[in-house]
Structures are given as structure tokens and as C-alpha cells.
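Undergrad: This is the structure I have questions about; it appears just below.
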Amino acid sequence: MKDHYDYLIVGAGLYGAVMARELMDAGHSVLVMDKRPHIAGNVFTRLDHDIHVHQYGAHIFHTNSDAAWNYVNRFARFNRFTNSPVANYHGKLYSLPFNMYTYNQLWGVTTPAEAQKIIDEQRADAPKEPKNLEEQAISLVGKDIYEILIKGYTQKQWGRPCSELPAFIIRRLPVRMTFDNNYFNAMHQGIPMGGYTQMVANMLEGADIVLEEDFFDDRQKWASKADQIIYTGPIDAWFDYKLGNLEYRTVRFEEELLDQENFQGNAAVNYTDSETPWTRIIEHKWFEDLHSNKTIISREYSDEWKPGMEPYYPLNDDRNNDLYKQYKALADQEENVIFGGRLGEYKYYDMDQVILAALKKVKEIL
Ligand code: UDP
């Protein structure tokens with residue numbers, strides 16, 4: 001470690017890593033710190049029994065942006081993984097996202113016209129301007145799909161009734177009238193071969209990195225290490241929660257190593273009923289098959305975040321968005337600190353958006 005750096009980057013996740021790379025390439029010195037014992041933030045993958053385990057939840061890189069795609073391809077080769085989760089509702093399987101396979105499984109229909117007729121009947125009395133997730137879902141896909149594939153899953157994931165959730169959450173779920181199980185409408189999709197951790201390590205090449213050090217344990221000391229700070233932790237933590245806590249959902253992962261080659265035949269199975277306590281089971285080996293003779297699965301349980309837990313999903317409802325705005329106003333007055341990333345900007349970001357946001361920000365700085 002040197003005595004002094006141009007930039008201190010708090011958080012070695014994707015936002016911090018892109019910032020570090022760009023700042024170093026522009027000739028600046030950077031110190032990257034993270035309180036965890038590893039780099040890569042929530043995209044961290046651990047190699048275990050020849051399986052890259054997505055320890056903080058499944059990450060599937062997908063983007064419509066050539067810039068984001070070209071950028072990540074500088075640091076990793078991507079495989080041809082296509083996300084096609086399967087839904088399990090009371091033991092019966094359905095294809096996701098909602099497409100002709102799903103309508104066939106639900107209603108036995110075989111043509112788009114038959115499927116459309118049923119959907120139209122089922123959404124006939126939905127409000128024209130949906131005010132919440134429930135209304136949005138029913139007006140998009142009708143009652144059956146809402147009840148079987150959306151309601152239970154969403155309520156488990158967010159811990160609130162769909163009628164109290166913002167409509168935008170569901171807008172990312174495509175609805176198709178073709179036989180196409182590709183979850184994402186993205187031009188580019190894949191998993192970095194060799195794991196996300198290696199990809200982030202490649203981004204960080206040349207940076208000084210300190211792990212297992214919490215910026216807040218000695219704020220003064222760390223802040224004095226650099227002229228400027230890029231802070232990617234929770235924005236409310238920076239201000240000692242003085243306006244109140246922003247809310248998140250947290251996820252608990254119950255990992256299991258199984259002495260069998262194939263548990264569920266797919267990377268993701270969503271449990272869409274409300275009785276099953278987990279939201280989904282991820283079988284990590286199917287993201288990148290290294291032919292392990294074992295398999296590792298993670299059951300995901302969603303919970304309300306409390307101080308001390310890992311914050312995962314920002315809860316972008318009105319109360320929290322308003323509070324974020326107040327923190328953002330304070331952040332704008334901070335000199336020499338840039339707030340970025342999912343926690344720093346309190347945003348339900350996809351990976352490509354995080355990368356593009358960092359690239360934009362770094363352009364402004366330089
Ligand atoms: N969703 C759903 N049923 C599913 C999968 C997703 O209703 O089987 C809805 C749900 O409201 C969820 C949102 O789509 O909150 C986004 O889910 P996704 O799994 O895409 O989010 P991720 O956790 O992967 O970011």
C-alpha cells in the first residue's frame with residue numbers, strides 16, 4: 001500500500017471494479033477496499049467441486065448494449081448460456097417467461113390466437129391504468145398466469161401483497177406469443193467462463209486492494225488515503241442513517257452439496273406457489289458445465305432486511321424513493337465523494353446498467 005492515492009474506491013463489486021479500471025487507464029492511482037474477504041461484491045463466484053457457485057445469488061449477464069457487451073468481453077470469454085427458468089407450482093412445471101409453451105401447459109392451447117383469446121378474456125376487467133403490481137400483472141397476462149406464476153413468487157420475494165408493490169417490478173418479465181423460453185429480451189447473454197471473480201480480478205489488475213477492512217471502522221484514516229472517494233456502499237450508511245433507514249430485501253441462501261450429477265436439470269427453478277418457503281432453487285453447475293460429478297444447489301429465502309444483514313434488493317416504493325432523494329441531496333453536497341452502484345444509488349440495477357453507469361460517471365470525472 002502507498003501512503004496516498006488519487007482515488008479510494010470503497011467496494012470491490014462491479015461498479016468499483018469498472019471505476020478502478022478506467023481511472024487506472026487514465027493514469028490515476030487507486031486503492032480498492034472491501035469489507036468482505038474477497039473481491040467482486042455480489043457477483044462473486046467461488047470454485048467448489050469444479051462448480052462456479054454464485055454465492056450471493058445467480059447472475060446472468062445480459063444486455064442490449066454493444067458498449068456493455070464489448071466492455072465485459074475484454075475481461076472474460078462468455079459462454080452461450082441462455083436463461084430459461086422453469087416454474088414449479090404445486091409440483092407442476094411451467095415454462096418461463098410466459099410464452100406459447102406456458103399457455104400450452106396451462107390451457108392446452110396450441111396456437112397464438114387461442115392463447116390470446118384466453119388472455120384477453122381474463123384481463124377484460126383489469127384497470128386501464130394499473131396502479132400496482134397486481135393490476136399491472138392482470139392487465140398484462142390475465143388472472144390464471146397472475147395466480148399461478150406471479151402472485152406467490154412475488155409476495156415471497158418482496159414480503160408484501162402484490163397490491164402494495166410498484167408496477168414497474170413486473171415490467172421486466174416478457175410476455176410472448178411465440179415458443180421461446182429465453183427469459184431475457186437481450187441481444188447479448190452469457191456467463192463469463194472461469195467465473196465472475198476472475199473477470200473482476202482482470203478488471204482490477206494493477207490496483208492495490210485491501211480486503212476485510214470496513215471503511216466505517218476508521219473513516220478518518222481511510223478517507224485520508226486519497227484525494228477522492230468512490231463510495232459504492234449503502235448511501236444511508238454514509239450519513240449514519242441520520243434521516244432514517246432505507247429498506248431492502250435480503251436473501252438467505254441455503255447451500256447444499258449433493259452426491260449426484262443432476263438435481264433439477266436446469267440452473268433455475270422458481271417455486272411460484274405461496275406454500276413453498278423458498279422462492280427458487282439454483283443449481284449452479286448449469287451456468288458453466290465443468291462436468292463435476294457432484295452438484296451444488298442453493299435454496300433462496302427472501303426476507304426483510306435489518307441492520308447487520310446483507311442488503312440485496314432496494315425496495316423502490318414511494319417512501320423509500322423519497323428518502324433516497326433526501327440522501328441524494330446530501331450526497332450532492334459532499335465534496336470529493338462519488339456515490340455509485342446498486343447501494344450507492346439505491347437502484348435495482350442489472351449488471352450491464354451498473355457498468356454503463358460507471359463508464360458514464362468516469363467520463364464526467366475525467
Ligand atoms: N416474477 C414472477 N414469477 C417468476 C419470476 C419472476 O412473478 O417466476 C416477477 C416477480 O415479481 C419478481 C420479478 O418478476 O419480483 C423479477 O424477478 P426476477 O427473477 O427476474 O428478478 P431477479 O431476482 O432475478 O433480479
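Residues in the C-alpha cells are numbered from 1 in each chain, the chains being A, B, ... in the order shown, and ligands are numbered from 1 in the order shown.
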Which residues sit within 7 Å of ligand 1, counting only C-alpha atoms and all ligand atoms, listed as a list in words?

TA: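 Based on only C-alpha atoms and all ligand atoms, ligand 1 is surrounded within 7 Å by Ala87, Leu96, Leu149, Ile150, Lys151, Tyr153, Thr154, Gln157, Trp158, Ile169, Ile170, Arg172, Leu173, Asn270 and Thr272 of chain A.
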
Undergrad: When you look at range 88-90 of chain A with a cut-off of 12 Å (counting only C-alpha atoms), what residues show up, excluding the ones that are within fewer than 5 positions of it in the same chain? I need them as an mmCIF file with N, CA, C and O atoms, in the first residue's frame.

TA:
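Output below, filename selection_11.cif:
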data_model
loop_
_atom_site.group_PDB
_atom_site.id
_atom_site.type_symbol
_atom_site.label_atom_id
_atom_site.label_comp_id
_atom_site.auth_asym_id
_atom_site.auth_seq_id
_atom_site.Cartn_x
_atom_site.Cartn_y
_atom_site.Cartn_z
ATOM 1 N N SER A 95 -43.175 -23.391 -18.242
ATOM 2 C CA SER A 95 -42.061 -22.671 -18.873
ATOM 3 C C SER A 95 -42.150 -21.190 -18.560
ATOM 4 O O SER A 95 -43.234 -20.622 -18.500
ATOM 5 N N LEU A 96 -40.992 -20.586 -18.415
ATOM 6 C CA LEU A 96 -40.887 -19.137 -18.252
ATOM 7 C C LEU A 96 -39.940 -18.615 -19.321
ATOM 8 O O LEU A 96 -39.080 -19.354 -19.781
ATOM 9 N N THR A 102 -45.852 -22.080 -22.180
ATOM 10 C CA THR A 102 -46.579 -21.885 -20.919
ATOM 11 C C THR A 102 -48.089 -21.984 -21.147
ATOM 12 O O THR A 102 -48.802 -22.635 -20.382
ATOM 13 N N GLN A 105 -49.114 -25.471 -21.577
ATOM 14 C CA GLN A 105 -49.129 -26.205 -20.307
ATOM 15 C C GLN A 105 -50.316 -25.797 -19.432
ATOM 16 O O GLN A 105 -50.894 -26.610 -18.713
ATOM 17 N N LEU A 106 -50.692 -24.534 -19.498
ATOM 18 C CA LEU A 106 -51.789 -24.037 -18.661
ATOM 19 C C LEU A 106 -53.159 -24.451 -19.187
ATOM 20 O O LEU A 106 -54.013 -24.890 -18.435
ATOM 21 N N ILE A 145 -52.397 -16.665 -15.113
ATOM 22 C CA ILE A 145 -50.937 -16.526 -15.047
ATOM 23 C C ILE A 145 -50.562 -15.756 -13.789
ATOM 24 O O ILE A 145 -49.613 -16.104 -13.088
ATOM 25 N N GLU A 147 -52.212 -15.714 -10.933
ATOM 26 C CA GLU A 147 -52.378 -16.574 -9.753
ATOM 27 C C GLU A 147 -51.303 -17.662 -9.674
ATOM 28 O O GLU A 147 -50.778 -17.949 -8.606
ATOM 29 N N ILE A 148 -50.988 -18.271 -10.806
ATOM 30 C CA ILE A 148 -50.116 -19.454 -10.790
ATOM 31 C C ILE A 148 -48.633 -19.083 -10.845
ATOM 32 O O ILE A 148 -47.804 -19.703 -10.193
ATOM 33 N N LEU A 149 -48.294 -18.068 -11.604
ATOM 34 C CA LEU A 149 -46.867 -17.818 -11.856
ATOM 35 C C LEU A 149 -46.335 -16.521 -11.262
ATOM 36 O O LEU A 149 -45.123 -16.319 -11.224
ATOM 37 N N ILE A 150 -47.199 -15.647 -10.824
ATOM 38 C CA ILE A 150 -46.712 -14.349 -10.346
ATOM 39 C C ILE A 150 -46.982 -14.105 -8.867
ATOM 40 O O ILE A 150 -46.079 -13.749 -8.103
ATOM 41 N N LYS A 151 -48.222 -14.325 -8.464
ATOM 42 C CA LYS A 151 -48.656 -13.869 -7.143
ATOM 43 C C LYS A 151 -47.782 -14.412 -6.000
ATOM 44 O O LYS A 151 -47.194 -13.637 -5.237
ATOM 45 N N GLY A 152 -47.683 -15.725 -5.887
ATOM 46 C CA GLY A 152 -46.968 -16.330 -4.752
ATOM 47 C C GLY A 152 -45.492 -15.961 -4.763
ATOM 48 O O GLY A 152 -44.907 -15.578 -3.739
ATOM 49 N N TYR A 153 -44.892 -16.058 -5.942
ATOM 50 C CA TYR A 153 -43.459 -15.776 -6.069
ATOM 51 C C TYR A 153 -43.145 -14.338 -5.662
ATOM 52 O O TYR A 153 -42.247 -14.059 -4.885
ATOM 53 N N GLN A 264 -31.861 -30.902 -10.750
ATOM 54 C CA GLN A 264 -33.123 -30.407 -11.316
ATOM 55 C C GLN A 264 -33.055 -30.151 -12.818
ATOM 56 O O GLN A 264 -34.032 -29.709 -13.413
ATOM 57 N N ALA A 268 -32.158 -22.684 -12.944
ATOM 58 C CA ALA A 268 -33.107 -22.028 -12.026
ATOM 59 C C ALA A 268 -34.482 -22.658 -12.103
ATOM 60 O O ALA A 268 -35.037 -22.832 -13.197
ATOM 61 N N VAL A 269 -35.015 -23.031 -10.948
ATOM 62 C CA VAL A 269 -36.417 -23.429 -10.856
ATOM 63 C C VAL A 269 -37.079 -22.508 -9.830
ATOM 64 O O VAL A 269 -36.665 -22.448 -8.673
ATOM 65 N N ASN A 270 -38.074 -21.759 -10.287
ATOM 66 C CA ASN A 270 -38.806 -20.832 -9.409
ATOM 67 C C ASN A 270 -39.988 -21.563 -8.790
ATOM 68 O O ASN A 270 -40.746 -22.221 -9.505
ATOM 69 N N TYR A 271 -40.145 -21.426 -7.493
ATOM 70 C CA TYR A 271 -41.298 -22.038 -6.812
ATOM 71 C C TYR A 271 -42.353 -20.955 -6.639
ATOM 72 O O TYR A 271 -42.219 -20.077 -5.797
ATOM 73 N N THR A 272 -43.362 -21.007 -7.482
ATOM 74 C CA THR A 272 -44.266 -19.862 -7.590
ATOM 75 C C THR A 272 -45.495 -19.965 -6.686
ATOM 76 O O THR A 272 -46.316 -19.059 -6.663
ATOM 77 N N ASP A 273 -45.635 -21.089 -5.943
ATOM 78 C CA ASP A 273 -46.764 -21.145 -5.002
ATOM 79 C C ASP A 273 -46.373 -20.424 -3.721
ATOM 80 O O ASP A 273 -45.206 -20.163 -3.473
ATOM 81 N N SER A 274 -47.368 -20.109 -2.892
ATOM 82 C CA SER A 274 -47.006 -19.389 -1.672
ATOM 83 C C SER A 274 -46.678 -20.325 -0.517
ATOM 84 O O SER A 274 -46.154 -19.883 0.501
ATOM 85 N N GLU A 275 -46.942 -21.636 -0.649
ATOM 86 C CA GLU A 275 -46.672 -22.580 0.442
ATOM 87 C C GLU A 275 -45.192 -22.927 0.557
ATOM 88 O O GLU A 275 -44.649 -23.010 1.660
ATOM 89 N N THR A 276 -44.504 -23.134 -0.572
ATOM 90 C CA THR A 276 -43.069 -23.454 -0.519
ATOM 91 C C THR A 276 -42.332 -22.245 0.044
ATOM 92 O O THR A 276 -42.503 -21.142 -0.464
ATOM 93 N N TRP A 278 -39.151 -21.310 0.037
ATOM 94 C CA TRP A 278 -38.103 -20.666 -0.763
ATOM 95 C C TRP A 278 -38.704 -20.129 -2.057
ATOM 96 O O TRP A 278 -39.753 -20.579 -2.503
ATOM 97 N N THR A 279 -38.027 -19.121 -2.629
ATOM 98 C CA THR A 279 -38.514 -18.564 -3.900
ATOM 99 C C THR A 279 -37.997 -19.369 -5.085
ATOM 100 O O THR A 279 -38.697 -19.580 -6.057
ATOM 101 N N ARG A 280 -36.722 -19.792 -5.005
ATOM 102 C CA ARG A 280 -36.208 -20.585 -6.123
ATOM 103 C C ARG A 280 -35.050 -21.460 -5.675
ATOM 104 O O ARG A 280 -34.476 -21.238 -4.608
ATOM 105 N N ILE A 281 -34.734 -22.442 -6.519
ATOM 106 C CA ILE A 281 -33.540 -23.257 -6.287
ATOM 107 C C ILE A 281 -32.632 -23.073 -7.491
ATOM 108 O O ILE A 281 -33.061 -23.221 -8.644
#

Undergrad: When you draw a straight line from CA of Arg219 in chain A to CA of Val337 in chain A, how long is it in Å?

TA: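 Between these atoms lies a distance of 13.0 Å.
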
Undergrad: Quick one: pick out all helix (DSSP H, G or I) residues within range 122-211 of chain A from a backbone DSSP run and write them as number ranges by chain.

TA: A: 122, 133-141, 143-158, 162-164, 167-172, 196-203

Undergrad: Set the distance at 7 Å and use only C-alpha atoms: which residues neighbour Asp236 in chain A once local chain neighbours fewer than 4 positions away are removed? I'd like the list as a ChimeraX atom specification.

TA: /A:240-241,245-246,327

Undergrad: As JSON, numbers by chain, please: the residues near Phe184 in chain A (cut-off 12 Å, only C-alpha atoms, same-chain neighbours under 3 positions excluded).

TA: {"A": [60, 61, 62, 63, 64, 81, 82, 83, 84, 85, 96, 97, 98, 171, 172, 173, 174, 175, 176, 180, 181, 187, 188, 189, 190, 350]}

Undergrad: I'd like the interatomic distance between CA of Gln326 in chain A and CA of Tyr348 in chain A, to a tenth of an Å.

TA: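 For CA of Gln326 in chain A relative to CA of Tyr348 in chain A, the distance reads 18.2 Å.
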
Undergrad: Please identify all polymer residues within 8 Å of Lys128 in chain A, counting only C-alpha atoms, omitting same-chain residues fewer than 2 positions from it, and present them as a ChimeraX atom specification.

TA: /A:126,130,139

Undergrad: When you count only C-alpha atoms, which of these residues is closest to Asp227 in chain A: A:Asn336, A:Asn99, A:Thr45, A:Ser65?

TA: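 Among the listed residues, A:Asn336 lies closest to Asp227 in chain A.
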
Undergrad: Just how far from CA of His4 in chain A is CA of Trp238 in chain A, in Å to one decimal?

TA: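 Separation between CA of Trp238 in chain A and CA of His4 in chain A: 21.7 Å.
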
Undergrad: Need to verify the contact set: Tyr346 in chain A, 9 Å, only C-alpha atoms, exclusion of same-chain residues closer than 2 positions in sequence. Can you return it as a ChimeraX atom specification?

TA: /A:234-235,246,313-316,321,324,340-344,348-349

Undergrad: Write the residues of the selection above to a file with N, CA and C atoms, as a PDB file, in the first residue's frame.

TA:
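So the final result, stored in out_12.pdb, reads:
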ATOM      1  N   PRO A 234     -24.033   1.367   0.934  1.00  0.00           N
ATOM      2  CA  PRO A 234     -25.361   1.983   1.097  1.00  0.00           C
ATOM      3  C   PRO A 234     -25.251   3.478   1.381  1.00  0.00           C
ATOM      4  N   ILE A 235     -26.001   4.268   0.638  1.00  0.00           N
ATOM      5  CA  ILE A 235     -25.899   5.722   0.749  1.00  0.00           C
ATOM      6  C   ILE A 235     -26.307   6.191   2.144  1.00  0.00           C
ATOM      7  N   LEU A 246     -32.992   3.308   4.766  1.00  0.00           N
ATOM      8  CA  LEU A 246     -33.597   2.857   3.518  1.00  0.00           C
ATOM      9  C   LEU A 246     -33.880   1.361   3.683  1.00  0.00           C
ATOM     10  N   TYR A 313     -31.982  -6.322  -2.495  1.00  0.00           N
ATOM     11  CA  TYR A 313     -32.845  -5.570  -3.412  1.00  0.00           C
ATOM     12  C   TYR A 313     -33.305  -4.281  -2.751  1.00  0.00           C
ATOM     13  N   PRO A 314     -33.023  -3.131  -3.338  1.00  0.00           N
ATOM     14  CA  PRO A 314     -33.616  -1.903  -2.824  1.00  0.00           C
ATOM     15  C   PRO A 314     -35.137  -1.997  -2.984  1.00  0.00           C
ATOM     16  N   LEU A 315     -35.831  -1.485  -2.019  1.00  0.00           N
ATOM     17  CA  LEU A 315     -37.303  -1.524  -2.065  1.00  0.00           C
ATOM     18  C   LEU A 315     -37.786  -0.182  -2.596  1.00  0.00           C
ATOM     19  N   ASN A 316     -37.855  -0.098  -3.913  1.00  0.00           N
ATOM     20  CA  ASN A 316     -38.108   1.212  -4.521  1.00  0.00           C
ATOM     21  C   ASN A 316     -39.586   1.615  -4.482  1.00  0.00           C
ATOM     22  N   ASN A 321     -38.127   5.797  -2.039  1.00  0.00           N
ATOM     23  CA  ASN A 321     -37.600   6.658  -3.097  1.00  0.00           C
ATOM     24  C   ASN A 321     -37.501   8.114  -2.627  1.00  0.00           C
ATOM     25  N   TYR A 324     -34.581   8.286  -0.325  1.00  0.00           N
ATOM     26  CA  TYR A 324     -33.354   8.270  -1.129  1.00  0.00           C
ATOM     27  C   TYR A 324     -33.061   9.655  -1.705  1.00  0.00           C
ATOM     28  N   GLY A 340     -21.992   5.543  -6.066  1.00  0.00           N
ATOM     29  CA  GLY A 340     -22.375   4.792  -7.258  1.00  0.00           C
ATOM     30  C   GLY A 340     -22.727   3.349  -6.976  1.00  0.00           C
ATOM     31  N   GLY A 341     -23.390   2.729  -7.954  1.00  0.00           N
ATOM     32  CA  GLY A 341     -23.743   1.323  -7.858  1.00  0.00           C
ATOM     33  C   GLY A 341     -25.099   1.102  -7.201  1.00  0.00           C
ATOM     34  N   ARG A 342     -25.442  -0.155  -7.063  1.00  0.00           N
ATOM     35  CA  ARG A 342     -26.767  -0.547  -6.552  1.00  0.00           C
ATOM     36  C   ARG A 342     -27.052   0.049  -5.185  1.00  0.00           C
ATOM     37  N   LEU A 343     -26.082   0.015  -4.289  1.00  0.00           N
ATOM     38  CA  LEU A 343     -26.302   0.507  -2.927  1.00  0.00           C
ATOM     39  C   LEU A 343     -26.080   2.011  -2.839  1.00  0.00           C
ATOM     40  N   GLY A 344     -25.099   2.503  -3.581  1.00  0.00           N
ATOM     41  CA  GLY A 344     -24.787   3.926  -3.546  1.00  0.00           C
ATOM     42  C   GLY A 344     -25.873   4.768  -4.200  1.00  0.00           C
ATOM     43  N   TYR A 348     -32.385  -0.894  -8.291  1.00  0.00           N
ATOM     44  CA  TYR A 348     -32.462  -2.308  -8.683  1.00  0.00           C
ATOM     45  C   TYR A 348     -31.769  -2.433 -10.055  1.00  0.00           C
ATOM     46  N   TYR A 349     -30.445  -2.441 -10.005  1.00  0.00           N
ATOM     47  CA  TYR A 349     -29.626  -2.391 -11.213  1.00  0.00           C
ATOM     48  C   TYR A 349     -29.343  -3.781 -11.783  1.00  0.00           C
TER      49      TYR A 349
END

Undergrad: Using only C-alpha atoms, which residues sit within 10 Å of range 360-365 of chain A once same-chain residues fewer than 3 positions away are excluded, as JSON, numbers by chain?

TA: {"A": [18, 19, 20, 22, 23, 26, 338, 339, 340, 354, 355, 356, 357]}
